[in-house]
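J.: Hey, dropping model27.cif in here, mmCIF, C-alpha atoms:
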```cif
data_run
#
loop_
_atom_site.group_PDB
_atom_site.id
_atom_site.type_symbol
_atom_site.label_atom_id
_atom_site.label_comp_id
_atom_site.auth_asym_id
_atom_site.auth_seq_id
_atom_site.Cartn_x
_atom_site.Cartn_y
_atom_site.Cartn_z
ATOM 1 C CA MET J 19 60.954 74.006 88.013
ATOM 2 C CA LEU J 20 61.930 77.241 86.330
ATOM 3 C CA GLU J 21 59.638 79.942 87.654
ATOM 4 C CA GLU J 22 57.611 81.735 84.995
ATOM 5 C CA SER J 23 59.315 85.136 85.325
ATOM 6 C CA HIS J 24 62.737 83.486 84.972
ATOM 7 C CA ARG J 25 61.511 81.423 82.025
ATOM 8 C CA ILE J 26 60.469 84.618 80.234
ATOM 9 C CA LYS J 27 63.800 86.319 80.976
ATOM 10 C CA LEU J 28 65.830 83.274 79.979
ATOM 11 C CA ASN J 29 63.939 83.078 76.699
ATOM 12 C CA ALA J 30 64.462 86.805 76.062
ATOM 13 C CA SER J 31 68.175 86.446 76.712
ATOM 14 C CA ALA J 32 68.573 83.410 74.441
ATOM 15 C CA VAL J 33 66.516 85.021 71.675
ATOM 16 C CA GLU J 34 68.645 88.185 71.892
ATOM 17 C CA VAL J 35 71.956 86.316 71.848
ATOM 18 C CA PHE J 36 71.046 83.979 69.012
ATOM 19 C CA GLY J 37 69.344 86.714 67.011
ATOM 20 C CA THR J 38 72.020 89.378 67.423
ATOM 21 C CA MET J 39 75.221 87.344 67.299
ATOM 22 C CA TYR J 40 74.284 84.266 65.310
ATOM 23 C CA PHE J 41 71.238 85.271 63.247
ATOM 24 C CA THR J 42 69.601 82.026 64.301
ATOM 25 C CA PRO J 43 66.025 81.937 65.600
ATOM 26 C CA ILE J 44 65.505 80.065 68.835
ATOM 27 C CA GLU J 45 62.646 79.748 71.283
ATOM 28 C CA LEU J 46 62.269 78.299 74.754
ATOM 29 C CA LEU J 47 59.392 75.809 74.698
ATOM 30 C CA PRO J 48 56.767 76.000 77.455
ATOM 31 C CA ASP J 49 56.892 72.194 77.831
ATOM 32 C CA LEU J 50 59.329 69.464 76.934
ATOM 33 C CA PRO J 51 58.683 67.959 73.504
ATOM 34 C CA ALA J 52 57.337 64.421 73.398
ATOM 35 C CA GLN J 53 60.057 61.770 73.437
ATOM 36 C CA GLU J 54 59.339 60.619 69.871
ATOM 37 C CA GLN J 55 60.204 64.150 68.689
ATOM 38 C CA TRP J 56 63.588 64.396 70.415
ATOM 39 C CA ASN J 57 65.557 63.379 67.329
ATOM 40 C CA LEU J 58 68.752 63.070 69.347
ATOM 41 C CA GLU J 59 72.153 63.507 67.718
ATOM 42 C CA LYS J 60 75.238 61.384 68.299
ATOM 43 C CA GLN J 61 77.271 64.301 69.525
ATOM 44 C CA TYR J 62 76.521 67.410 71.595
ATOM 45 C CA VAL J 63 78.528 70.337 72.864
ATOM 46 C CA ARG J 64 78.007 70.381 76.606
ATOM 47 C CA THR J 65 78.629 73.685 78.367
ATOM 48 C CA VAL J 66 78.372 74.397 82.078
ATOM 49 C CA ILE J 67 78.144 77.804 83.713
ATOM 50 C CA ASP J 68 77.192 78.819 87.227
ATOM 51 C CA TYR J 69 76.561 81.936 89.265
ATOM 52 C CA HIS J 70 76.628 82.585 92.982
ATOM 53 C CA GLY J 71 75.212 85.213 95.292
ATOM 54 C CA PRO J 72 71.635 86.234 96.042
ATOM 55 C CA HIS J 73 70.782 83.881 93.181
ATOM 56 C CA THR J 74 72.749 80.650 92.821
ATOM 57 C CA ALA J 75 72.459 78.077 90.058
ATOM 58 C CA THR J 76 74.380 75.820 87.726
ATOM 59 C CA MET J 77 73.167 75.696 84.135
ATOM 60 C CA GLU J 78 74.144 73.035 81.651
ATOM 61 C CA PHE J 79 73.526 73.365 77.910
ATOM 62 C CA PHE J 80 73.539 70.575 75.340
ATOM 63 C CA PHE J 81 73.901 71.982 71.834
ATOM 64 C CA PRO J 82 73.325 69.417 69.067
ATOM 65 C CA ARG J 83 76.428 69.303 66.907
ATOM 66 C CA SER J 84 74.536 70.360 63.768
ATOM 67 C CA LEU J 85 73.323 73.526 65.517
ATOM 68 C CA ALA J 86 76.775 74.198 66.965
ATOM 69 C CA VAL J 87 78.456 73.790 63.584
ATOM 70 C CA ASN J 88 75.958 76.092 61.901
ATOM 71 C CA ILE J 89 76.374 78.770 64.552
ATOM 72 C CA ALA J 90 80.170 78.569 64.695
ATOM 73 C CA GLY J 91 80.507 78.650 60.922
ATOM 74 C CA GLY J 92 78.302 81.715 60.625
ATOM 75 C CA PHE J 93 79.859 83.462 63.603
ATOM 76 C CA LEU J 94 83.412 83.028 62.371
ATOM 77 C CA GLY J 95 82.510 83.470 58.721
ATOM 78 C CA VAL J 96 84.211 80.257 57.666
ATOM 79 C CA ASP J 97 83.133 77.197 55.703
ATOM 80 C CA GLU J 98 81.590 74.645 58.059
ATOM 81 C CA ALA J 99 83.750 71.915 56.521
ATOM 82 C CA THR J 100 86.909 73.699 57.666
ATOM 83 C CA LEU J 101 85.770 74.265 61.251
ATOM 84 C CA MET J 102 87.832 72.659 63.986
ATOM 85 C CA ASP J 103 86.176 71.107 67.033
ATOM 86 C CA GLU J 104 87.930 73.656 69.264
ATOM 87 C CA GLN J 105 86.252 76.500 67.393
ATOM 88 C CA ILE J 106 82.836 74.852 67.653
ATOM 89 C CA VAL J 107 83.219 74.169 71.364
ATOM 90 C CA ASP J 108 84.591 77.663 72.090
ATOM 91 C CA THR J 109 81.751 79.345 70.203
ATOM 92 C CA MET J 110 79.158 77.414 72.222
ATOM 93 C CA ARG J 111 81.002 78.195 75.436
ATOM 94 C CA GLU J 112 80.755 81.894 74.614
ATOM 95 C CA ALA J 113 77.106 81.528 73.590
ATOM 96 C CA SER J 114 76.299 80.036 77.009
ATOM 97 C CA ASN J 115 78.262 82.812 78.668
ATOM 98 C CA MET J 116 76.217 85.438 76.858
ATOM 99 C CA ILE J 117 72.858 83.766 77.474
ATOM 100 C CA ILE J 118 73.401 83.300 81.188
ATOM 101 C CA GLY J 119 75.297 86.598 81.602
ATOM 102 C CA ASN J 120 72.372 88.501 80.124
ATOM 103 C CA PHE J 121 69.838 86.447 82.023
ATOM 104 C CA LEU J 122 71.712 87.165 85.239
ATOM 105 C CA GLY J 123 71.791 90.872 84.420
ATOM 106 C CA SER J 124 67.995 90.799 84.198
ATOM 107 C CA ILE J 125 67.385 88.985 87.503
ATOM 108 C CA ASP J 126 70.265 90.626 89.381
ATOM 109 C CA PRO J 127 70.340 94.277 88.244
ATOM 110 C CA ASP J 128 72.627 95.325 91.106
ATOM 111 C CA GLY J 129 75.312 92.895 89.992
ATOM 112 C CA ALA J 130 75.525 91.207 93.388
ATOM 113 C CA CYS J 131 75.912 87.742 91.844
ATOM 114 C CA LYS J 132 79.210 86.449 90.531
ATOM 115 C CA LEU J 133 79.143 84.742 87.164
ATOM 116 C CA GLY J 134 81.452 81.737 86.849
ATOM 117 C CA ILE J 135 83.771 80.888 83.981
ATOM 118 C CA PRO J 136 81.950 78.615 81.509
ATOM 119 C CA ARG J 137 83.371 75.214 80.604
ATOM 120 C CA ALA J 138 82.651 73.262 77.432
ATOM 121 C CA GLU J 139 83.334 69.881 75.840
ATOM 122 C CA LEU J 140 82.079 67.538 73.149
ATOM 123 C CA VAL J 141 80.020 64.644 74.527
ATOM 124 C CA SER J 142 78.302 61.579 73.119
ATOM 125 C CA GLY J 143 75.224 59.744 74.290
ATOM 126 C CA PHE J 144 73.248 62.620 75.794
ATOM 127 C CA SER J 145 69.607 61.905 76.576
ATOM 128 C CA PRO J 146 67.102 64.258 78.236
ATOM 129 C CA ALA J 147 65.626 61.141 79.868
ATOM 130 C CA ASP J 148 68.707 61.043 82.140
ATOM 131 C CA CYS J 149 67.925 64.483 83.568
ATOM 132 C CA PRO J 150 65.722 64.987 86.618
ATOM 133 C CA VAL J 151 62.140 65.847 85.748
ATOM 134 C CA GLY J 152 61.463 69.544 86.226
ATOM 135 C CA HIS J 153 65.123 70.458 85.817
ATOM 136 C CA ILE J 154 65.363 70.454 82.060
ATOM 137 C CA VAL J 155 63.969 72.737 79.366
ATOM 138 C CA ALA J 156 64.248 72.725 75.591
ATOM 139 C CA PHE J 157 64.772 75.468 73.049
ATOM 140 C CA MET J 158 63.528 74.903 69.529
ATOM 141 C CA SER J 159 65.899 75.757 66.686
ATOM 142 C CA ASP J 160 66.129 75.033 62.968
ATOM 143 C CA PHE J 161 68.742 72.393 63.853
ATOM 144 C CA GLY J 162 66.897 70.454 66.505
ATOM 145 C CA TYR J 163 66.408 70.978 70.193
ATOM 146 C CA LEU J 164 68.924 72.760 72.379
ATOM 147 C CA TRP J 165 68.579 71.358 75.877
ATOM 148 C CA MET J 166 69.315 73.138 79.123
ATOM 149 C CA THR J 167 69.377 71.612 82.601
ATOM 150 C CA PHE J 168 69.498 73.490 85.884
ATOM 151 C CA ASP J 169 69.748 72.533 89.531
ATOM 152 C CA MET S 25 97.037 108.354 62.034
ATOM 153 C CA ALA S 26 96.942 104.655 62.901
ATOM 154 C CA PHE S 27 95.978 103.328 66.319
ATOM 155 C CA ASN S 28 97.118 100.205 68.103
ATOM 156 C CA ILE S 29 94.309 98.192 69.679
ATOM 157 C CA LEU S 30 94.467 95.400 72.250
ATOM 158 C CA VAL S 31 91.608 92.859 72.356
ATOM 159 C CA VAL S 32 91.326 90.943 75.640
ATOM 160 C CA ASP S 33 88.973 87.965 75.813
ATOM 161 C CA ASP S 34 89.402 84.353 76.949
ATOM 162 C CA SER S 35 87.427 83.119 73.937
ATOM 163 C CA ASP S 36 89.542 82.668 70.795
ATOM 164 C CA THR S 37 86.472 82.865 68.587
ATOM 165 C CA MET S 38 85.201 86.029 70.264
ATOM 166 C CA ARG S 39 88.615 87.671 69.853
ATOM 167 C CA ALA S 40 88.560 86.738 66.174
ATOM 168 C CA VAL S 41 85.110 88.252 65.722
ATOM 169 C CA ILE S 42 85.990 91.426 67.646
ATOM 170 C CA LYS S 43 89.153 91.824 65.559
ATOM 171 C CA LYS S 44 87.134 91.407 62.393
ATOM 172 C CA THR S 45 84.584 93.946 63.631
ATOM 173 C CA VAL S 46 87.303 96.432 64.569
ATOM 174 C CA GLY S 47 88.954 95.937 61.194
ATOM 175 C CA MET S 48 85.723 96.881 59.487
ATOM 176 C CA ALA S 49 84.976 99.837 61.731
ATOM 177 C CA GLY S 50 86.553 102.358 59.396
ATOM 178 C CA VAL S 51 89.387 103.532 61.641
ATOM 179 C CA GLN S 52 93.035 103.271 60.715
ATOM 180 C CA ILE S 53 94.583 100.418 62.644
ATOM 181 C CA GLY S 54 98.273 100.001 63.234
ATOM 182 C CA GLU S 55 98.630 96.806 65.235
ATOM 183 C CA LEU S 56 95.903 94.590 66.675
ATOM 184 C CA PHE S 57 97.171 92.772 69.740
ATOM 185 C CA GLU S 58 95.441 89.923 71.595
ATOM 186 C CA ALA S 59 95.392 88.659 75.168
ATOM 187 C CA GLY S 60 93.417 85.865 76.826
ATOM 188 C CA ASN S 61 93.133 87.425 80.285
ATOM 189 C CA GLY S 62 94.185 90.428 82.352
ATOM 190 C CA HIS S 63 97.674 89.088 83.089
ATOM 191 C CA GLU S 64 98.420 88.615 79.421
ATOM 192 C CA ALA S 65 96.992 92.064 78.689
ATOM 193 C CA LEU S 66 99.330 93.718 81.192
ATOM 194 C CA LYS S 67 102.268 91.929 79.541
ATOM 195 C CA VAL S 68 101.241 93.318 76.155
ATOM 196 C CA LEU S 69 100.998 96.818 77.625
ATOM 197 C CA GLU S 70 104.503 96.453 79.041
ATOM 198 C CA GLU S 71 105.923 95.531 75.649
ATOM 199 C CA GLU S 72 103.824 97.420 73.102
ATOM 200 C CA TRP S 73 102.299 100.837 72.587
ATOM 201 C CA VAL S 74 98.516 100.492 72.819
ATOM 202 C CA ASP S 75 96.023 103.304 72.168
ATOM 203 C CA VAL S 76 92.849 101.575 73.285
ATOM 204 C CA VAL S 77 91.879 98.295 74.975
ATOM 205 C CA LEU S 78 88.704 96.318 74.258
ATOM 206 C CA SER S 79 88.292 93.891 77.138
ATOM 207 C CA ASP S 80 85.928 91.220 78.368
ATOM 208 C CA ILE S 81 85.210 91.145 82.113
ATOM 209 C CA ASN S 82 84.497 87.495 82.906
ATOM 210 C CA MET S 83 87.875 85.817 82.336
ATOM 211 C CA PRO S 84 89.991 83.305 84.263
ATOM 212 C CA GLU S 85 93.217 84.192 86.121
ATOM 213 C CA MET S 86 92.682 87.959 86.002
ATOM 214 C CA ASN S 87 89.307 89.342 84.996
ATOM 215 C CA GLY S 88 88.663 92.636 83.244
ATOM 216 C CA ILE S 89 87.876 94.603 86.390
ATOM 217 C CA GLU S 90 91.081 93.382 88.065
ATOM 218 C CA PHE S 91 93.020 94.218 84.911
ATOM 219 C CA LEU S 92 91.657 97.764 84.854
ATOM 220 C CA ARG S 93 92.430 98.159 88.543
ATOM 221 C CA GLU S 94 96.059 97.105 87.921
ATOM 222 C CA ALA S 95 96.386 99.291 84.844
ATOM 223 C CA GLN S 96 95.128 102.302 86.771
ATOM 224 C CA LYS S 97 98.015 101.918 89.224
ATOM 225 C CA ASP S 98 100.557 102.499 86.456
ATOM 226 C CA SER S 99 101.403 106.072 85.535
ATOM 227 C CA VAL S 100 101.441 105.279 81.793
ATOM 228 C CA PHE S 101 98.791 102.559 81.465
ATOM 229 C CA CYS S 102 96.252 104.579 83.443
ATOM 230 C CA ASP S 103 95.799 106.897 80.451
ATOM 231 C CA ILE S 104 94.939 104.096 78.031
ATOM 232 C CA PRO S 105 91.163 103.967 77.464
ATOM 233 C CA VAL S 106 89.629 100.601 78.360
ATOM 234 C CA ILE S 107 86.286 99.682 76.788
ATOM 235 C CA PHE S 108 84.502 96.681 78.242
ATOM 236 C CA LEU S 109 82.731 94.263 75.900
ATOM 237 C CA THR S 110 80.970 91.939 78.258
ATOM 238 C CA THR S 111 78.026 89.717 79.023
ATOM 239 C CA GLU S 112 77.898 91.134 82.541
ATOM 240 C CA SER S 113 75.155 93.596 81.830
ATOM 241 C CA SER S 114 73.864 94.539 85.265
ATOM 242 C CA GLN S 115 73.764 98.227 86.164
ATOM 243 C CA GLY S 116 75.823 97.419 89.242
ATOM 244 C CA ARG S 117 78.666 95.975 87.147
ATOM 245 C CA MET S 118 78.541 98.942 84.740
ATOM 246 C CA ASP S 119 78.687 101.375 87.659
ATOM 247 C CA GLU S 120 81.646 99.483 89.100
ATOM 248 C CA ALA S 121 83.496 99.623 85.780
ATOM 249 C CA SER S 122 82.713 103.289 85.338
ATOM 250 C CA ALA S 123 83.863 104.139 88.859
ATOM 251 C CA LEU S 124 87.162 102.386 88.134
ATOM 252 C CA GLY S 125 87.708 104.562 85.077
ATOM 253 C CA ALA S 126 86.421 102.446 82.186
ATOM 254 C CA ALA S 127 86.107 104.561 79.048
ATOM 255 C CA GLY S 128 83.034 102.731 77.796
ATOM 256 C CA TYR S 129 80.867 99.654 78.010
ATOM 257 C CA VAL S 130 79.293 97.514 75.302
ATOM 258 C CA LYS S 131 77.043 94.642 76.214
ATOM 259 C CA LYS S 132 77.421 91.259 74.523
ATOM 260 C CA PRO S 133 75.645 90.386 72.327
ATOM 261 C CA PHE S 134 76.639 93.496 70.400
ATOM 262 C CA GLN S 135 75.930 94.954 66.992
ATOM 263 C CA PRO S 136 79.092 95.750 65.015
ATOM 264 C CA ALA S 137 77.883 99.354 64.703
ATOM 265 C CA GLN S 138 78.067 99.722 68.496
ATOM 266 C CA ILE S 139 81.753 98.789 68.472
ATOM 267 C CA LYS S 140 82.367 101.167 65.629
ATOM 268 C CA GLN S 141 80.639 104.077 67.371
ATOM 269 C CA ILE S 142 82.353 103.703 70.710
ATOM 270 C CA LEU S 143 85.747 103.193 69.064
ATOM 271 C CA LEU S 144 85.319 106.355 67.000
ATOM 272 C CA ASP S 145 84.279 108.325 70.076
ATOM 273 C CA ILE S 146 87.202 107.121 72.151
ATOM 274 C CA LEU S 147 89.787 107.383 69.385
ATOM 275 C CA ASN S 148 88.635 110.883 68.491
ATOM 276 C CA LYS S 149 89.337 111.929 72.056
ATOM 277 C CA ALA S 150 92.705 110.148 72.006
ATOM 278 C CA TYR S 151 93.561 111.771 68.674
ATOM 279 C CA ALA S 152 92.641 115.244 69.898
ATOM 280 C CA THR S 153 94.730 114.738 73.016
ATOM 281 C CA ARG S 154 97.686 113.518 71.013
ATOM 282 C CA MET S 155 97.443 116.474 68.598
ATOM 283 C CA LYS S 156 97.124 118.916 71.475
ATOM 284 C CA ASP S 157 100.210 117.411 73.095
ATOM 285 C CA GLU S 158 102.052 117.862 69.801
ATOM 286 C CA GLY S 159 100.877 121.476 69.487
ATOM 287 C CA VAL S 160 98.489 121.063 66.536
ATOM 288 C CA VAL S 161 95.827 123.810 66.788
ATOM 289 C CA ASP S 162 92.936 122.364 64.743
ATOM 290 C CA PRO S 163 93.140 118.615 64.530
ATOM 291 C CA THR S 164 90.789 116.830 62.176
ATOM 292 C CA SER S 165 89.013 113.956 63.790
ATOM 293 C CA VAL S 166 89.310 110.241 63.205
ATOM 294 C CA GLU S 167 87.255 109.662 60.097
ATOM 295 C CA ASP S 168 84.059 107.706 60.095
ATOM 296 C CA ASP S 169 83.916 106.490 56.515
ATOM 297 C CA ASP S 170 80.435 105.053 57.046
ATOM 298 C CA ASP S 171 81.515 102.032 55.086
ATOM 299 C CA LEU S 172 80.619 99.374 57.572
ATOM 300 C CA ASP S 173 79.566 96.367 55.592
ATOM 301 C CA PHE S 174 78.725 93.208 57.508
#
```
Translate the structure described by the file into structure tokens.

T.:
Amino acid sequence: MLEESHRIKLNASAVEVFGTMYFTPIELLPDLPAQEQWNLEKQYVRTVIDYHGPHTATMEFFFPRSLAVNIAGGFLGVDEATLMDEQIVDTMREASNMIIGNFLGSIDPDGACKLGIPRAELVSGFSPADCPVGHIVAFMSDFGYLWMTFD
Amino acid sequence: MAFNILVVDDSDTMRAVIKKTVGMAGVQIGELFEAGNGHEALKVLEEEWVDVVLSDINMPEMNGIEFLREAQKDSVFCDIPVIFLTTESSQGRMDEASALGAAGYVKKPFQPAQIKQILLDILNKAYATRMKDEGVVDPTSVEDDDDLDF
């Protein structure tokens, strides 16, 4: 389970990143939405980023493609129809980097932890049901749920 | 007077956005160079004149801190101001960068106005130094045209 103080800081970091860089509102939900509300997409951008030190964790994000396309198009200032998959994936990779980098800064003010290099790819067939209970959270956005798992 | 700027970031999209932001910052730009990590940045410095570097920290192969450390060993590169634009926002990391000689630090996510302000500050100093070296008594500063439109 994500402890409450970390949940608040993670939410603050995600809200700051999405609000400042992407002008997209987002909010970490206190509980997982009911399964009938998942509205899963065919394709997600999966990003993975870890950090090591006094705090150690691996975080995995699943951005629904519609959210990723909207964010990448706005961020780069280009028509969504002209976006290439590489641009979409790279934008989400950087978004994860910023969310977790800022989150880490808030829980590790001395900078003792080392942030890893994020990785990202397009995936199909993601389902929150495949993730261990208590190790997944959801952010609400205008383009569906952004899912995040952690170990 | 135009300034050459090097943007160092492993994200293509972030480099594109930083370049766009710099282009709209109201300073005269000569060349805008790009590098995907510290190694590539050092290569650019070896081949091109660069007035200021905007660099990420968390990059593969050679990160921003390692890049700055290497640049500081060179008698020419050590005078080039390096501004970090980074997600690594802990006070400890900022102190480390400052102790190594970083000219400034902007946390990602950033507002375009923050990039503009720090660039103007740094380039004003660089301009004054360059004018002093050339014997100009009263240099005018790098202009802030306050025309930042995002």

J.: Give me the residues within 8 Å of segment 150-164 of chain J as a list in words, counting all atoms listed in the file and dropping any in the same chain fewer than 3 places off.

T.: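 Contacts, with the query itself left out: Met19, Leu20, Thr42, Pro43, Ile44, Glu45, Leu46, Leu47, Asp49, Leu50, Pro51, Trp56, Asn57, Phe79, Phe80, Phe81, Pro82, Ser84, Leu85, Pro146, Ala147, Thr167, Phe168 and Asp169 of chain J.
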
J.: For a test of reading the model, state the distance in Å between atom CA of Ile29 of chain S and atom CA of Asn82 of chain S, rounded to one decimal.

T.: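 Here the two named atoms are 19.6 Å from each other.
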
J.: Using all atoms listed in the file for the distances, tell me which of J:Gly71, J:Gly91, J:Gly119, J:Pro136 is nearest to Met83 of chain S.

T.: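 For Met83 of chain S, the nearest of the given residues is J:Pro136.
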
J.: Could you state which residues are captured by the PyMOL selection byres ((chain J) within 8 of (chain S)) in this file, as a list in words?

T.: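 Given this file, the PyMOL selection byres ((chain J) within 8 of (chain S)) evaluates to Glu34, Val35, Thr38, Met39, Phe93, Leu94, Gln105, Asp108, Thr109, Glu112, Asn115, Met116, Gly119, Asn120, Leu122, Gly123, Ser124, Asp126, Pro127, Asp128, Gly129, Ala130, Leu133, Gly134 and Ile135 of chain J.
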
J.: Determine, counting all atoms listed in the file, which protein, DNA and RNA residues have an atom within 12 Å of an atom of Ala95 of chain S; residues of the same chain fewer than 2 positions away are not included. Present the result as a ChimeraX atom specification.

T.: /S:62-63,65-70,77,86,88-93,97-106,124-126

J.: Taking the file as shown, what set of residues would the PyMOL selection byres ((chain J and resi 60) around 6) give back, as a list of chain:residue names?

T.: J:Glu59, J:Gln61, J:Ser142

J.: Report as a VMD selection string all protein, DNA and RNA residues lying within 9 Å of Met77 of chain J, evaluated on only C-alpha atoms, omitting residues in the same chain fewer than 4 positions from it.

T.: chain J and resid 65 to 69 114 118 166 to 169

J.: Counting all atoms listed in the file, figure out which residue out of J:Thr100, J:Asn88, J:Arg111, J:Glu21 gets nearest to Leu140 of chain J.

T.: J:Arg111

J.: Near Phe57 of chain S, within 12 Å and counting all atoms listed in the file, which residues show up once chain neighbours fewer than 6 positions away are dropped, as a list in words?

T.: Phe27, Asn28, Ile29, Leu30, Val31, Val32, Asp33, Arg39, Ala40, Ile42, Lys43, Val46, Glu64, Ala65, Leu66, Lys67, Val68, Leu69, Glu71, Glu72, Trp73, Val74, Asp75, Val76, Val77, Leu78 and Ser79 of chain S

J.: Store the residues picked out above in a file with C-alpha atoms, as a compact mmCIF listing (two decimals), in the frame of the given file.

T.:
```txt
# COMPACT_ATOMS: atom_id res chain seq x y z
CA PHE S 27 95.98 103.33 66.32
CA ASN S 28 97.12 100.20 68.10
CA ILE S 29 94.31 98.19 69.68
CA LEU S 30 94.47 95.40 72.25
CA VAL S 31 91.61 92.86 72.36
CA VAL S 32 91.33 90.94 75.64
CA ASP S 33 88.97 87.96 75.81
CA ARG S 39 88.62 87.67 69.85
CA ALA S 40 88.56 86.74 66.17
CA ILE S 42 85.99 91.43 67.65
CA LYS S 43 89.15 91.82 65.56
CA VAL S 46 87.30 96.43 64.57
CA GLU S 64 98.42 88.62 79.42
CA ALA S 65 96.99 92.06 78.69
CA LEU S 66 99.33 93.72 81.19
CA LYS S 67 102.27 91.93 79.54
CA VAL S 68 101.24 93.32 76.16
CA LEU S 69 101.00 96.82 77.62
CA GLU S 71 105.92 95.53 75.65
CA GLU S 72 103.82 97.42 73.10
CA TRP S 73 102.30 100.84 72.59
CA VAL S 74 98.52 100.49 72.82
CA ASP S 75 96.02 103.30 72.17
CA VAL S 76 92.85 101.58 73.28
CA VAL S 77 91.88 98.30 74.97
CA LEU S 78 88.70 96.32 74.26
CA SER S 79 88.29 93.89 77.14
```

J.: Report the distance between atom CA of Pro72 of chain J and atom CA of Ile125 of chain J in Å, rounded to one decimal place.

T.: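 Interatomic distance here is 9.9 Å.
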
J.: Which residue out of J:Ala113, J:Pro48, J:Ala138, J:Ser31 has the minimum interatomic distance to Ile89 of chain J when all atoms listed in the file are used?

T.: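 Among J:Ala113, J:Pro48, J:Ala138, J:Ser31, it is J:Ala113 that comes nearest to Ile89 of chain J.
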
J.: Report the distance between atom CA of Ile53 of chain S and atom CA of Phe41 of chain J in Å, rounded to one decimal place.

T.: 27.8 Å

J.: Could you check the closest approach to Ala90 of chain J for each of J:Phe36, J:Lys132, J:Asn29, J:Ile117 and tell me which residue wins, using all atoms listed in the file?

T.: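 Of the candidates, the smallest distance to Ala90 of chain J is held by J:Phe36.
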
J.: Let me make sure I understand: among S:Leu109, S:Met25, S:Asn87, S:Leu56, which one has the smallest atom-to-atom distance to Gln138 of chain S if we use only C-alpha atoms?

T.: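 Among the listed residues, S:Leu109 lies closest to Gln138 of chain S.
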
J.: All heavy atoms are needed for segment 125-129 of chain J; please write them out as an mmCIF file, in the coordinates of the input.

T.:
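What ended up in result08.cif:
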```cif
data_model
loop_
_atom_site.group_PDB
_atom_site.id
_atom_site.type_symbol
_atom_site.label_atom_id
_atom_site.label_comp_id
_atom_site.auth_asym_id
_atom_site.auth_seq_id
_atom_site.Cartn_x
_atom_site.Cartn_y
_atom_site.Cartn_z
ATOM 1 N N ILE J 125 67.950 89.377 86.201
ATOM 2 C CA ILE J 125 67.385 88.985 87.503
ATOM 3 C C ILE J 125 68.205 89.550 88.667
ATOM 4 O O ILE J 125 67.791 89.480 89.811
ATOM 5 C CB ILE J 125 67.283 87.442 87.658
ATOM 6 C CG1 ILE J 125 68.662 86.778 87.624
ATOM 7 C CG2 ILE J 125 66.375 86.851 86.591
ATOM 8 C CD1 ILE J 125 68.632 85.302 88.024
ATOM 9 N N ASP J 126 69.376 90.104 88.343
ATOM 10 C CA ASP J 126 70.265 90.626 89.381
ATOM 11 C C ASP J 126 70.806 91.984 88.921
ATOM 12 O O ASP J 126 72.001 92.137 88.629
ATOM 13 C CB ASP J 126 71.422 89.627 89.595
ATOM 14 C CG ASP J 126 72.482 90.145 90.558
ATOM 15 O OD1 ASP J 126 72.104 90.755 91.570
ATOM 16 O OD2 ASP J 126 73.686 89.947 90.276
ATOM 17 N N PRO J 127 69.924 92.990 88.828
ATOM 18 C CA PRO J 127 70.340 94.277 88.244
ATOM 19 C C PRO J 127 71.432 94.990 89.040
ATOM 20 O O PRO J 127 72.154 95.822 88.473
ATOM 21 C CB PRO J 127 69.043 95.101 88.242
ATOM 22 C CG PRO J 127 68.131 94.414 89.187
ATOM 23 C CD PRO J 127 68.508 92.979 89.200
ATOM 24 N N ASP J 128 71.579 94.668 90.322
ATOM 25 C CA ASP J 128 72.627 95.325 91.106
ATOM 26 C C ASP J 128 74.000 94.685 90.905
ATOM 27 O O ASP J 128 75.007 95.193 91.401
ATOM 28 C CB ASP J 128 72.280 95.288 92.604
ATOM 29 C CG ASP J 128 71.024 96.086 92.897
ATOM 30 O OD1 ASP J 128 70.756 97.039 92.143
ATOM 31 O OD2 ASP J 128 70.312 95.759 93.866
ATOM 32 N N GLY J 129 74.027 93.558 90.224
ATOM 33 C CA GLY J 129 75.312 92.895 89.992
ATOM 34 C C GLY J 129 75.886 92.262 91.235
ATOM 35 O O GLY J 129 77.112 92.145 91.367
#
```
